file start_12.txt (compact mmCIF, C-alpha atoms)
# COMPACT_ATOMS: atom_id res chain seq x y z
CA MET A 20 170.24 178.89 242.48
CA ALA A 21 167.84 177.87 245.24
CA PHE A 22 168.09 180.79 247.65
CA PRO A 23 167.69 180.31 251.40
CA ALA A 24 164.17 181.12 252.55
CA ALA A 25 165.59 183.03 255.53
CA GLN A 26 166.20 186.74 255.23
CA PHE A 27 169.05 188.21 257.27
CA HIS A 28 167.89 191.79 257.55
CA ASP A 29 171.03 192.94 259.34
CA LEU A 30 173.03 192.13 256.20
CA LYS A 31 171.16 194.72 254.15
CA GLY A 32 173.64 197.41 253.19
CA ARG A 33 176.53 195.65 254.88
CA GLY A 34 179.90 195.66 253.11
CA VAL A 35 180.96 192.17 252.02
CA LEU A 36 184.14 191.10 250.20
CA ILE A 37 184.45 187.63 248.65
CA THR A 38 187.62 186.21 247.13
CA GLY A 39 187.35 183.94 244.09
CA GLY A 40 183.87 185.29 243.46
CA GLY A 41 183.75 185.00 239.69
CA SER A 42 182.72 181.35 239.40
CA GLY A 43 181.86 178.20 241.34
CA ILE A 44 181.05 178.52 245.03
CA GLY A 45 182.29 182.12 245.04
CA ALA A 46 179.83 183.26 242.38
CA VAL A 47 176.93 181.67 244.26
CA LEU A 48 178.05 183.46 247.43
CA VAL A 49 178.22 186.78 245.58
CA GLU A 50 174.66 186.28 244.39
CA GLY A 51 173.41 185.06 247.75
CA PHE A 52 174.73 188.09 249.63
CA ALA A 53 173.69 190.54 246.92
CA ARG A 54 170.13 189.20 247.10
CA GLN A 55 170.16 189.92 250.84
CA GLY A 56 170.74 193.58 249.98
CA ALA A 57 174.42 193.59 250.96
CA ARG A 58 176.97 195.75 249.19
CA VAL A 59 179.22 193.10 247.67
CA ALA A 60 182.66 193.34 246.11
CA PHE A 61 184.56 190.32 244.88
CA ILE A 62 188.08 189.56 243.78
CA ASP A 63 188.91 187.20 240.94
CA ILE A 64 191.59 186.78 238.31
CA ALA A 65 189.14 185.68 235.57
CA GLU A 66 187.68 188.74 233.88
CA ALA A 67 185.11 187.24 231.50
CA ASP A 68 183.24 185.14 234.07
CA SER A 69 183.31 187.96 236.61
CA LEU A 70 181.95 190.60 234.26
CA ALA A 71 179.22 188.21 233.13
CA LEU A 72 178.19 187.66 236.75
CA VAL A 73 177.98 191.41 237.41
CA ALA A 74 175.93 191.93 234.26
CA ARG A 75 173.50 189.18 235.23
CA LEU A 76 172.99 190.39 238.80
CA ALA A 77 172.97 194.16 238.30
CA PRO A 78 169.31 194.33 237.16
CA VAL A 79 167.94 192.13 239.96
CA VAL A 80 169.69 193.27 243.16
CA ASP A 81 169.71 196.53 245.14
CA HIS A 82 173.46 196.99 244.76
CA ALA A 83 175.31 195.61 241.75
CA PRO A 84 178.37 193.60 242.81
CA ILE A 85 181.73 195.23 242.19
CA PHE A 86 184.40 193.16 240.47
CA ILE A 87 188.04 193.79 241.32
CA GLN A 88 190.56 191.91 239.22
CA ALA A 89 193.63 190.69 241.08
CA ASP A 90 195.97 187.74 241.29
CA LEU A 91 195.81 186.54 244.89
CA ARG A 92 199.32 185.11 244.60
CA ASP A 93 200.52 188.73 244.57
CA ILE A 94 200.53 190.05 248.15
CA ALA A 95 200.68 193.72 247.11
CA ALA A 96 197.72 193.12 244.80
CA ILE A 97 195.73 191.59 247.67
CA LYS A 98 196.27 194.62 249.89
CA SER A 99 195.39 197.00 247.09
CA ALA A 100 192.25 195.02 246.17
CA VAL A 101 190.98 194.91 249.76
CA ASP A 102 191.45 198.67 250.16
CA GLN A 103 189.79 199.28 246.80
CA ALA A 104 186.85 197.08 247.77
CA ALA A 105 186.36 198.83 251.10
CA ASP A 106 186.36 202.22 249.38
CA ALA A 107 183.96 201.05 246.67
CA ILE A 108 181.35 199.57 249.02
CA GLY A 109 181.71 202.18 251.74
CA SER A 110 182.95 199.95 254.55
CA LEU A 111 184.00 196.36 255.14
CA SER A 112 182.20 194.19 257.68
CA VAL A 113 182.41 190.71 256.12
CA LEU A 114 185.32 188.95 254.42
CA ILE A 115 184.85 185.51 252.88
CA ASN A 116 188.11 183.85 251.87
CA ASN A 117 186.76 181.40 249.33
CA ALA A 118 189.42 181.32 246.60
CA ALA A 119 191.22 177.99 246.22
CA ARG A 120 192.32 175.41 243.65
CA ASP A 121 192.28 171.71 244.53
CA ASP A 122 194.92 170.44 242.12
CA ARG A 123 195.79 166.75 242.39
CA GLN A 124 199.46 165.83 242.62
CA PRO A 125 200.80 162.58 244.08
CA LEU A 126 203.67 162.56 246.54
CA GLU A 127 206.35 161.60 244.02
CA ASP A 128 205.40 164.44 241.64
CA VAL A 129 205.47 167.30 244.16
CA THR A 130 208.28 169.78 243.57
CA GLU A 131 209.40 172.79 245.57
CA ALA A 132 207.75 175.03 243.00
CA SER A 133 204.45 173.15 242.92
CA TRP A 134 204.33 173.03 246.73
CA ASP A 135 204.89 176.78 247.00
CA GLU A 136 202.29 177.41 244.28
CA SER A 137 199.68 175.40 246.16
CA GLN A 138 200.30 177.27 249.41
CA ALA A 139 200.12 180.60 247.55
CA VAL A 140 196.84 179.70 245.88
CA ASN A 141 195.20 178.01 248.86
CA LEU A 142 196.61 179.38 252.12
CA ARG A 143 198.95 182.36 251.95
CA HIS A 144 196.43 184.79 250.48
CA VAL A 145 193.94 183.96 253.24
CA PHE A 146 196.24 185.41 255.87
CA PHE A 147 197.13 188.51 253.89
CA ALA A 148 193.52 189.23 252.97
CA CYS A 149 192.63 189.03 256.68
CA GLN A 150 195.56 191.27 257.54
CA ALA A 151 194.44 193.86 254.99
CA ALA A 152 190.77 193.67 255.99
CA ALA A 153 191.27 193.92 259.75
CA PRO A 154 191.85 197.71 259.93
CA HIS A 155 188.70 198.34 257.90
CA MET A 156 186.66 196.11 260.22
CA GLN A 157 188.17 197.79 263.27
CA ARG A 158 187.04 201.16 261.92
CA ALA A 159 183.58 199.69 261.28
CA GLY A 160 183.32 198.54 264.90
CA GLY A 161 183.66 194.82 264.17
CA GLY A 162 183.07 192.22 261.53
CA SER A 163 183.01 188.60 260.49
CA ILE A 164 185.72 186.70 258.62
CA ILE A 165 184.77 183.36 257.07
CA ASN A 166 187.63 181.19 255.83
CA PHE A 167 186.93 178.25 253.53
CA SER A 168 188.76 175.11 254.54
CA SER A 169 187.65 171.61 253.50
CA ILE A 170 187.05 168.15 254.94
CA ALA A 171 189.61 166.97 252.37
CA PHE A 172 192.46 167.12 254.89
CA MET A 173 190.58 164.65 257.14
CA LEU A 174 189.96 162.06 254.43
CA ASN A 175 193.51 160.70 254.04
CA MET A 176 193.47 161.48 250.31
CA GLY A 177 196.91 160.58 249.02
CA GLU A 178 196.77 162.66 245.85
CA ILE A 179 196.46 166.10 247.49
CA PRO A 180 199.28 166.49 250.06
CA ALA A 181 199.89 170.19 249.41
CA TYR A 182 196.19 171.09 249.19
CA ALA A 183 195.37 169.10 252.33
CA THR A 184 198.15 170.86 254.20
CA ALA A 185 196.82 174.26 253.14
CA LYS A 186 193.26 173.44 254.16
CA ALA A 187 194.37 172.13 257.55
CA GLY A 188 196.43 175.29 257.97
CA ILE A 189 193.35 177.44 257.41
CA VAL A 190 191.72 175.94 260.50
CA GLY A 191 194.78 176.77 262.62
CA LEU A 192 194.98 180.26 261.13
CA THR A 193 191.29 180.82 261.84
CA LYS A 194 191.70 180.00 265.52
CA SER A 195 194.78 182.19 265.88
CA LEU A 196 193.12 185.17 264.19
CA ALA A 197 189.99 184.70 266.28
CA GLY A 198 192.13 185.12 269.40
CA LYS A 199 193.88 188.18 268.02
CA LEU A 200 190.85 189.99 266.59
CA GLY A 201 188.20 189.07 269.15
CA PRO A 202 188.89 192.14 271.34
CA ASP A 203 188.06 194.25 268.26
CA ASN A 204 184.68 192.51 267.92
CA ILE A 205 185.87 190.70 264.79
CA ARG A 206 184.78 187.09 264.62
CA VAL A 207 186.76 184.52 262.61
CA ASN A 208 185.27 181.14 261.68
CA ALA A 209 186.02 178.43 259.14
CA VAL A 210 183.67 176.55 256.84
CA LEU A 211 184.63 172.99 255.88
CA PRO A 212 182.61 171.80 252.88
CA GLY A 213 182.33 168.19 251.86
CA MET A 214 182.34 167.13 248.22
CA VAL A 215 180.70 170.15 246.60
CA VAL A 216 180.05 169.24 242.98
CA THR A 217 180.70 172.16 240.63
CA GLU A 218 181.13 172.21 236.86
CA ARG A 219 184.90 172.42 237.34
CA GLN A 220 184.86 169.41 239.64
CA LYS A 221 182.84 167.35 237.16
CA LYS A 222 185.10 168.36 234.31
CA LEU A 223 188.41 167.65 236.03
CA TRP A 224 188.10 165.26 238.95
CA VAL A 225 184.71 163.93 239.97
CA SER A 226 182.99 160.99 238.27
CA ASP A 227 179.42 159.86 238.78
CA ALA A 228 180.78 156.85 240.65
CA ALA A 229 182.75 159.08 243.03
CA ILE A 230 179.68 161.22 243.69
CA ALA A 231 177.59 158.14 244.41
CA GLY A 232 180.28 156.76 246.72
CA MET A 233 180.42 159.98 248.73
CA ILE A 234 176.66 160.22 249.02
CA GLU A 235 176.63 156.66 250.35
CA LYS A 236 178.94 157.80 253.18
CA GLN A 237 176.77 160.82 254.00
CA CYS A 238 173.91 160.77 256.50
CA LEU A 239 171.95 163.05 254.17
CA LYS A 240 171.64 161.34 250.81
CA HIS A 241 171.89 164.44 248.64
CA MET A 242 174.69 165.64 246.37
CA LEU A 243 176.26 168.80 247.76
CA ILE A 244 176.24 171.79 245.41
CA ALA A 245 177.52 175.34 245.72
CA ASP A 246 174.10 176.61 246.81
CA ASP A 247 174.43 174.59 250.01
CA MET A 248 177.23 176.88 251.21
CA VAL A 249 175.18 180.08 251.04
CA GLY A 250 172.96 179.65 254.10
CA PRO A 251 175.82 178.78 256.48
CA CYS A 252 177.85 181.76 255.27
CA LEU A 253 174.89 184.13 255.65
CA TYR A 254 174.49 182.88 259.21
CA LEU A 255 178.18 183.31 260.05
CA ALA A 256 178.19 186.80 258.55
CA SER A 257 175.06 187.93 260.36
CA ASP A 258 174.42 188.98 263.93
CA CYS A 259 172.68 185.62 264.44
CA SER A 260 176.15 184.20 265.14
CA ALA A 261 177.32 187.20 267.16
CA ARG A 262 178.95 185.11 269.89
CA MET A 263 180.44 182.46 267.60
CA THR A 264 184.12 182.61 266.78
CA ALA A 265 187.17 180.32 266.43
CA GLN A 266 184.89 177.55 265.17
CA ALA A 267 185.10 175.13 262.23
CA MET A 268 181.66 174.49 260.73
CA ILE A 269 181.50 171.24 258.74
CA ILE A 270 178.96 171.14 255.93
CA ASP A 271 179.35 167.70 254.39
CA GLY A 272 176.00 165.96 254.59
CA GLY A 273 177.07 164.10 257.71
CA ILE A 274 180.37 162.33 256.99
CA PHE A 275 182.07 163.77 260.10
call {"tool": "encode", "arguments": {"input": "start_12.txt", "output": "structure tokens"}}
result
Amino acid sequence: MAFPAAQFHDLKGRGVLITGGGSGIGAVLVEGFARQGARVAFIDIAEADSLALVARLAPVVDHAPIFIQADLRDIAAIKSAVDQAADAIGSLSVLINNAARDDRQPLEDVTEASWDESQAVNLRHVFFACQAAAPHMQRAGGGSIINFSSIAFMLNMGEIPAYATAKAGIVGLTKSLAGKLGPDNIRVNAVLPGMVVTERQKKLWVSDAAIAGMIEKQCLKHMLIADDMVGPCLYLASDCSARMTAQAMIIDGGIF
């Protein structure tokens, strides 16, 4: 990973929880915050990838990340995992709701079950993780919640109706929670990535032609990778953005 040159000294020792931290963008965020000296815990369902990440980072960071296995579709498991994370890292000041799954399913194939599954995987857990984290942040005197949305819901992509709905919902949820939690000095912002090319994306959905087509639409002619999400999240988590809340930060190379 190409780490941001900037050092956010206020993040050193700060308690950070990241959902979906075992692979993809989440794993890069875990590493990015750990290398800033933060105390990082992350939730994931995949044990092997998560344990491998902890083993790789433990020798090179001040505080080895703590892996908590949980299925974010299980609301009770979310609440338990957030409490466990806060206890393990001492306090909770930053929550990054990163976990998601961008399954493709055309209109005619959507069922009640597949719709509910998509909302559970992409939207519902975001609210309940925020709900569980809020008391810990209140006790800490404030905090920063960063919710991952996507520009996908603005692209009129016909094959992702349920996913697009969830990602649009995250923006609305972010603004509502910002209004509720602001008096407690808890900031809530959303990050909207563009086409971030991960190994999973290349394996399942994204062709070289699709990548080239997206880059052509971007002002900045560079393929977006997971590393590109680290700097913006460090900024939103740090005191540098102390008066920023209820905002949707687009990181797409300049499509919107």
call {"tool": "atom_distance", "arguments": {"input": "start_12.txt", "atom1": "CA of Ile85 in chain A", "atom2": "CA of His155 in chain A"}}
result
17.5 Å
call {"tool": "residues_near_point", "arguments": {"input": "start_12.txt", "point": "(183.6, 183.6, 241.0)", "cutoff": "10 Å", "atoms": "only C-alpha atoms", "output": "tab-separated table (two decimals) with C-alpha atoms, keeping the file's coordinate frame"}}
result
chain	number	residue	atom	x	y	z
A	37	ILE	CA	184.45	187.63	248.65
A	38	THR	CA	187.62	186.21	247.13
A	39	GLY	CA	187.35	183.94	244.09
A	40	GLY	CA	183.87	185.29	243.46
A	41	GLY	CA	183.75	185.00	239.69
A	42	SER	CA	182.72	181.35	239.40
A	43	GLY	CA	181.86	178.20	241.34
A	44	ILE	CA	181.05	178.52	245.03
A	45	GLY	CA	182.29	182.12	245.04
A	46	ALA	CA	179.83	183.26	242.38
A	47	VAL	CA	176.93	181.67	244.26
A	48	LEU	CA	178.05	183.46	247.43
A	49	VAL	CA	178.22	186.78	245.58
A	50	GLU	CA	174.66	186.28	244.39
A	61	PHE	CA	184.56	190.32	244.88
A	62	ILE	CA	188.08	189.56	243.78
A	63	ASP	CA	188.91	187.20	240.94
A	64	ILE	CA	191.59	186.78	238.31
A	65	ALA	CA	189.14	185.68	235.57
A	66	GLU	CA	187.68	188.74	233.88
A	68	ASP	CA	183.24	185.14	234.07
A	69	SER	CA	183.31	187.96	236.61
A	70	LEU	CA	181.95	190.60	234.26
A	72	LEU	CA	178.19	187.66	236.75
A	86	PHE	CA	184.40	193.16	240.47
A	117	ASN	CA	186.76	181.40	249.33
A	118	ALA	CA	189.42	181.32	246.60
call {"tool": "closest_residue", "arguments": {"input": "start_12.txt", "among": "A:Val35, A:Ala83, A:Ala181, A:Met233", "to": "Gly162 in chain A", "atoms": "all atoms listed in the file"}}
result
A:Val35
call {"tool": "residues_around", "arguments": {"input": "start_12.txt", "residues": "Ala100 in chain A", "least_positions_apart": "4", "cutoff": "8 Å", "atoms": "all atoms listed in the file", "output": "ChimeraX atom specification"}}
result
/A:62,87-89,96,104
call {"tool": "closest_atom_pairs", "arguments": {"input": "start_12.txt", "of": "range 178-223 of chain A", "to": "range 119-135 of chain A", "cutoff": "12 Å", "atoms": "all atoms listed in the file", "output": "Markdown table"}}
result
| residue | atom | partner | partner_atom | distance |
| --- | --- | --- | --- | --- |
| A:Glu178 | CA | A:Pro125 | CA | 4.4 |
| A:Ile179 | CA | A:Arg123 | CA | 5.2 |
| A:Pro180 | CA | A:Leu126 | CA | 6.9 |
| A:Ala181 | CA | A:Trp134 | CA | 5.9 |
| A:Tyr182 | CA | A:Asp121 | CA | 6.1 |
| A:Ala183 | CA | A:Asp121 | CA | 8.8 |
| A:Thr184 | CA | A:Trp134 | CA | 9.9 |
| A:Ala185 | CA | A:Ala119 | CA | 9.7 |
| A:Lys186 | CA | A:Ala119 | CA | 9.4 |
| A:Ile189 | CA | A:Ala119 | CA | 11.4 |
| A:Met214 | CA | A:Asp121 | CA | 11.5 |
| A:Val215 | CA | A:Asp121 | CA | 11.9 |
| A:Arg219 | CA | A:Arg120 | CA | 10.2 |
| A:Gln220 | CA | A:Asp121 | CA | 9.2 |
| A:Leu223 | CA | A:Asp122 | CA | 9.3 |
call {"tool": "closest_residue", "arguments": {"input": "start_12.txt", "among": "A:Ser163, A:Ser110, A:Phe52, A:Gly188", "to": "Cys259 in chain A", "atoms": "only C-alpha atoms"}}
result
A:Ser163
call {"tool": "atom_distance", "arguments": {"input": "start_12.txt", "atom1": "CA of Gln237 in chain A", "atom2": "CA of Asp271 in chain A"}}
result
7.4 Å
call {"tool": "closest_residue", "arguments": {"input": "start_12.txt", "among": "A:Ile108, A:Met263, A:Cys238, A:Val79", "to": "Gly51 in chain A", "atoms": "all atoms listed in the file"}}
result
A:Val79
call {"tool": "residues_around", "arguments": {"input": "start_12.txt", "residues": "Lys236 in chain A", "least_positions_apart": "6", "cutoff": "9 Å", "atoms": "only C-alpha atoms", "output": "list in words"}}
result
Gly272, Gly273 and Ile274 of chain A
call {"tool": "closest_residue", "arguments": {"input": "start_12.txt", "among": "A:Val80, A:Glu136, A:Trp224, A:Asp106", "to": "Asp93 in chain A", "atoms": "only C-alpha atoms"}}
result
A:Glu136
call {"tool": "residues_around", "arguments": {"input": "start_12.txt", "residues": "Ala265 in chain A", "least_positions_apart": "6", "cutoff": "9 Å", "atoms": "all atoms listed in the file", "output": "PyMOL selection string"}}
result
chain A and resi 190+193-198+206-209
call {"tool": "closest_residue", "arguments": {"input": "start_12.txt", "among": "A:Val225, A:Leu253, A:Ile230, A:Met173", "to": "Ala53 in chain A", "atoms": "all atoms listed in the file"}}
result
A:Leu253
call {"tool": "atom_distance", "arguments": {"input": "start_12.txt", "atom1": "CA of Ile115 in chain A", "atom2": "CA of Ile165 in chain A"}}
result
4.7 Å
call {"tool": "axis_aligned_box", "arguments": {"input": "start_12.txt", "around": "range 226-235 of chain A", "padding_each_side": "5 Å", "output": "JSON"}}
result
{"center_x": 179.8, "center_y": 158.9, "center_z": 244.3, "size_x": 16.4, "size_y": 14.6, "size_z": 22.1}
call {"tool": "closest_residue", "arguments": {"input": "start_12.txt", "among": "A:Ile270, A:Ile97, A:Leu174, A:Leu30", "to": "Gln55 in chain A", "atoms": "all atoms listed in the file"}}
result
A:Leu30
